[in-house]
Amino acid sequence: MNGKVYIVGAGPGDPELLTVKAYKLIQKADVILYDRLINSEILLMTKPECELVYVGKEDGKHIIEQEKINFLLYQFAQKKKIVVRLKGGDPFVFGRGGEEAIFLEEHGIPYEIVPGITSAIAVPAYAGVPVTHRGISSSFVVVTGHGHKGRFPDINWKSLAGIGTLIFLMGVANREKIAQNLIEAGRDPDEPVVFIEKGTTKEQKSVEATLKEVAEGKVSVYPPAIFLIGNVVSLRRKINWYEKELEEIKL
């Protein structure tokens, strides 16, 4: 009898935003293969004998290639282990969880998908930005900010012109080019944007600007950060609850 692999979403950063199921599996796991953005507090929830294997990605390069990660999952499961593949956010939102699930399916390894709270929605919420709001935005789209092997993403930019709220994940490095393409596709150059660094953590910081200012290279921001475009950004003036709490703590 093989072990079992659980492809688990760890949420956007705050350990308290783990799902109950994710928390129970982390406590139960014999092995955890985890990514770069996993909060270190989450890794302290494991049992003492749990083996932790770092398989993250840094500076655009995988420490371990995806094929090797797939093989490690297979290897550990063959040893009758309870294996948790721990991913930031949700494993199926730009997390390559689907690729790992297909590999396990093709090799006869039992597996389960455990959804997580995606940063695309949670991080804006912590910055006081609802991704939809009556009378302001009735739609939102989540887009990757970089393409295969670090190339600029191949996107139908015109299709994004009429969407209420645009959310780019992993878009910091390409922010100027993204903004330029959106303006050329018909987005308002004066449309408000916000970058939210290290969202849902105690280091969260937000930087507001206009789309034109981003395109002109006037915005300084550092990853990991969400890049959000839309008039919902204006709601931060009223409901920026979390960063207000952080400021009060500092005082």
# chains A, B, ... in the order shown; residues from 1 in each chain; ligands from 1
call {"tool": "residues_around", "arguments": {"residues": "A:Pro224", "least_positions_apart": "2", "cutoff": "8 Å", "atoms": "only C-alpha atoms", "output": "PyMOL selection string"}}
result
chain A and resi 170+172+197-198+222+226
call {"tool": "closest_residue", "arguments": {"among": "A:Gly9, A:Gly56, A:Pro130, A:Pro192", "to": "A:Ala22", "atoms": "only C-alpha atoms"}}
result
A:Gly9
call {"tool": "select_by_dssp", "arguments": {"residues": "stretch 68-212 of chain A", "states": "strand (DSSP E or B)", "output": "JSON, numbers by chain"}}
result
{"A": [82, 83, 84, 85, 86, 87, 89, 111, 112, 113, 114, 133, 137, 140, 141, 142, 143, 144, 165, 166, 167, 168, 169, 192, 193, 194, 195, 196, 197, 205, 206, 207, 208, 209, 210]}
call {"tool": "residues_around", "arguments": {"residues": "stretch 107-112 of chain A", "least_positions_apart": "6", "cutoff": "12 Å", "atoms": "only C-alpha atoms", "output": "count of residues only"}}
result
32
call {"tool": "residues_around", "arguments": {"residues": "stretch 176-181 of chain A", "least_positions_apart": "5", "cutoff": "8 Å", "atoms": "only C-alpha atoms", "output": "number ranges by chain"}}
result
A: 145, 157, 171, 211-212, 214-217
call {"tool": "select_by_dssp", "arguments": {"residues": "stretch 61-222 of chain A", "states": "helix (DSSP H, G or I)", "output": "ChimeraX atom specification"}}
result
/A:66-78,97-106,119-126,148-150,157-160,175-185,211-215
call {"tool": "write_last_selection", "arguments": {"atoms": "C-alpha atoms", "output": "PDB file, in the first residue's frame"}}
result
ATOM      1  CA  GLN A  66       9.561  20.534 -11.418  1.00  0.00           C
ATOM      2  CA  GLU A  67      10.363  17.058 -12.750  1.00  0.00           C
ATOM      3  CA  LYS A  68      12.516  16.396  -9.671  1.00  0.00           C
ATOM      4  CA  ILE A  69       9.718  17.633  -7.369  1.00  0.00           C
ATOM      5  CA  ASN A  70       7.322  15.222  -9.079  1.00  0.00           C
ATOM      6  CA  PHE A  71       9.777  12.369  -8.554  1.00  0.00           C
ATOM      7  CA  LEU A  72      10.254  13.256  -4.876  1.00  0.00           C
ATOM      8  CA  LEU A  73       6.493  13.125  -4.341  1.00  0.00           C
ATOM      9  CA  TYR A  74       6.453   9.704  -5.977  1.00  0.00           C
ATOM     10  CA  GLN A  75       9.436   8.480  -3.943  1.00  0.00           C
ATOM     11  CA  PHE A  76       8.060   9.551  -0.579  1.00  0.00           C
ATOM     12  CA  ALA A  77       4.614   8.117  -1.336  1.00  0.00           C
ATOM     13  CA  GLN A  78       6.208   4.777  -2.276  1.00  0.00           C
ATOM     14  CA  GLY A  97      -0.577  21.927  -8.631  1.00  0.00           C
ATOM     15  CA  GLY A  98      -2.367  20.604 -11.687  1.00  0.00           C
ATOM     16  CA  GLU A  99       0.902  19.349 -13.175  1.00  0.00           C
ATOM     17  CA  GLU A 100       1.756  17.502  -9.984  1.00  0.00           C
ATOM     18  CA  ALA A 101      -1.717  15.985  -9.749  1.00  0.00           C
ATOM     19  CA  ILE A 102      -1.492  14.718 -13.338  1.00  0.00           C
ATOM     20  CA  PHE A 103       1.902  13.165 -12.622  1.00  0.00           C
ATOM     21  CA  LEU A 104       0.582  11.375  -9.529  1.00  0.00           C
ATOM     22  CA  GLU A 105      -2.502  10.184 -11.416  1.00  0.00           C
ATOM     23  CA  GLU A 106      -0.365   8.774 -14.220  1.00  0.00           C
ATOM     24  CA  SER A 119      -3.589  35.837  -2.365  1.00  0.00           C
ATOM     25  CA  ALA A 120      -5.394  37.337  -5.354  1.00  0.00           C
ATOM     26  CA  ILE A 121      -8.456  37.941  -3.165  1.00  0.00           C
ATOM     27  CA  ALA A 122      -7.115  37.819   0.400  1.00  0.00           C
ATOM     28  CA  VAL A 123      -4.298  40.336  -0.010  1.00  0.00           C
ATOM     29  CA  PRO A 124      -6.507  43.060  -1.531  1.00  0.00           C
ATOM     30  CA  ALA A 125      -9.017  42.436   1.289  1.00  0.00           C
ATOM     31  CA  TYR A 126      -6.255  43.045   3.847  1.00  0.00           C
ATOM     32  CA  HIS A 148       6.874  30.406 -19.270  1.00  0.00           C
ATOM     33  CA  LYS A 149      10.564  30.334 -18.296  1.00  0.00           C
ATOM     34  CA  GLY A 150      10.464  33.971 -17.205  1.00  0.00           C
ATOM     35  CA  TRP A 157      -4.478  42.670 -23.693  1.00  0.00           C
ATOM     36  CA  LYS A 158      -7.557  44.035 -25.443  1.00  0.00           C
ATOM     37  CA  SER A 159      -9.682  41.444 -23.623  1.00  0.00           C
ATOM     38  CA  LEU A 160      -8.631  43.077 -20.335  1.00  0.00           C
ATOM     39  CA  ARG A 175       5.047  46.185 -14.039  1.00  0.00           C
ATOM     40  CA  GLU A 176       6.073  48.950 -16.453  1.00  0.00           C
ATOM     41  CA  LYS A 177       5.497  46.819 -19.554  1.00  0.00           C
ATOM     42  CA  ILE A 178       2.202  45.501 -18.157  1.00  0.00           C
ATOM     43  CA  ALA A 179       0.981  49.057 -17.541  1.00  0.00           C
ATOM     44  CA  GLN A 180       2.071  50.175 -21.016  1.00  0.00           C
ATOM     45  CA  ASN A 181       0.213  47.279 -22.657  1.00  0.00           C
ATOM     46  CA  LEU A 182      -2.936  47.993 -20.662  1.00  0.00           C
ATOM     47  CA  ILE A 183      -2.932  51.674 -21.636  1.00  0.00           C
ATOM     48  CA  GLU A 184      -2.395  50.762 -25.290  1.00  0.00           C
ATOM     49  CA  ALA A 185      -5.306  48.293 -24.999  1.00  0.00           C
ATOM     50  CA  LEU A 211      -1.447  53.293 -14.358  1.00  0.00           C
ATOM     51  CA  LYS A 212       0.468  56.016 -16.214  1.00  0.00           C
ATOM     52  CA  GLU A 213       2.898  56.480 -13.322  1.00  0.00           C
ATOM     53  CA  VAL A 214       3.619  52.746 -13.314  1.00  0.00           C
ATOM     54  CA  ALA A 215       4.177  52.747 -17.091  1.00  0.00           C
TER      55      ALA A 215
END
call {"tool": "closest_atom_pairs", "arguments": {"of": "stretch 118-235 of chain A", "to": "stretch 243-250 of chain A", "cutoff": "8 Å", "atoms": "only C-alpha atoms", "output": "CSV"}}
result
residue,atom,partner,partner_atom,distance
A:Tyr126,CA,A:Glu243,CA,7.7
A:Ala127,CA,A:Glu243,CA,6.8
A:Lys202,CA,A:Leu246,CA,7.0
A:Gln204,CA,A:Glu243,CA,7.3
A:Lys205,CA,A:Glu243,CA,7.5
call {"tool": "write_last_selection", "arguments": {"atoms": "all heavy atoms", "output": "PDB file, in the first residue's frame"}}
result
ATOM      1  N   TYR A 126      -7.053  42.541   2.729  1.00  0.00           N
ATOM      2  CA  TYR A 126      -6.255  43.045   3.847  1.00  0.00           C
ATOM      3  C   TYR A 126      -5.756  44.472   3.598  1.00  0.00           C
ATOM      4  O   TYR A 126      -5.295  45.139   4.521  1.00  0.00           O
ATOM      5  CB  TYR A 126      -5.073  42.117   4.103  1.00  0.00           C
ATOM      6  CG  TYR A 126      -5.324  41.065   5.167  1.00  0.00           C
ATOM      7  CD1 TYR A 126      -6.423  40.206   5.093  1.00  0.00           C
ATOM      8  CD2 TYR A 126      -4.472  40.925   6.251  1.00  0.00           C
ATOM      9  CE1 TYR A 126      -6.655  39.250   6.056  1.00  0.00           C
ATOM     10  CE2 TYR A 126      -4.687  39.961   7.223  1.00  0.00           C
ATOM     11  CZ  TYR A 126      -5.788  39.125   7.121  1.00  0.00           C
ATOM     12  OH  TYR A 126      -6.015  38.177   8.089  1.00  0.00           O
ATOM     13  N   ALA A 127      -5.835  44.909   2.354  1.00  0.00           N
ATOM     14  CA  ALA A 127      -5.433  46.278   2.020  1.00  0.00           C
ATOM     15  C   ALA A 127      -6.643  47.198   1.861  1.00  0.00           C
ATOM     16  O   ALA A 127      -6.502  48.331   1.420  1.00  0.00           O
ATOM     17  CB  ALA A 127      -4.606  46.281   0.741  1.00  0.00           C
ATOM     18  N   LYS A 202       2.765  40.898   8.932  1.00  0.00           N
ATOM     19  CA  LYS A 202       3.030  42.092   9.724  1.00  0.00           C
ATOM     20  C   LYS A 202       3.907  43.102   8.974  1.00  0.00           C
ATOM     21  O   LYS A 202       4.058  44.246   9.402  1.00  0.00           O
ATOM     22  CB  LYS A 202       3.683  41.707  11.052  1.00  0.00           C
ATOM     23  CG  LYS A 202       2.753  40.910  11.962  1.00  0.00           C
ATOM     24  CD  LYS A 202       3.455  40.447  13.214  1.00  0.00           C
ATOM     25  CE  LYS A 202       2.522  39.597  14.076  1.00  0.00           C
ATOM     26  NZ  LYS A 202       3.202  39.061  15.280  1.00  0.00           N
ATOM     27  N   GLN A 204       3.216  43.956   5.825  1.00  0.00           N
ATOM     28  CA  GLN A 204       2.427  44.432   4.683  1.00  0.00           C
ATOM     29  C   GLN A 204       2.616  45.935   4.468  1.00  0.00           C
ATOM     30  O   GLN A 204       2.629  46.724   5.408  1.00  0.00           O
ATOM     31  CB  GLN A 204       0.938  44.139   4.893  1.00  0.00           C
ATOM     32  CG  GLN A 204       0.047  44.662   3.760  1.00  0.00           C
ATOM     33  CD  GLN A 204      -1.389  44.239   3.897  1.00  0.00           C
ATOM     34  OE1 GLN A 204      -1.666  43.051   4.076  1.00  0.00           O
ATOM     35  NE2 GLN A 204      -2.319  45.184   3.796  1.00  0.00           N
ATOM     36  N   LYS A 205       2.737  46.302   3.198  1.00  0.00           N
ATOM     37  CA  LYS A 205       2.888  47.711   2.810  1.00  0.00           C
ATOM     38  C   LYS A 205       2.210  47.899   1.461  1.00  0.00           C
ATOM     39  O   LYS A 205       2.364  47.078   0.562  1.00  0.00           O
ATOM     40  CB  LYS A 205       4.368  48.074   2.714  1.00  0.00           C
ATOM     41  CG  LYS A 205       4.644  49.462   2.176  1.00  0.00           C
ATOM     42  CD  LYS A 205       6.140  49.662   1.946  1.00  0.00           C
ATOM     43  CE  LYS A 205       6.418  50.970   1.241  1.00  0.00           C
ATOM     44  NZ  LYS A 205       7.863  51.125   0.929  1.00  0.00           N
TER      45      LYS A 205
END
call {"tool": "closest_residue", "arguments": {"among": "A:Ile167, A:Tyr34, A:Leu18, A:Glu191", "to": "A:Ile64", "atoms": "only C-alpha atoms"}}
result
A:Tyr34
call {"tool": "atom_distance", "arguments": {"atom1": "atom CA of A:Met45", "atom2": "atom CA of A:Ile117"}}
result
18.4 Å
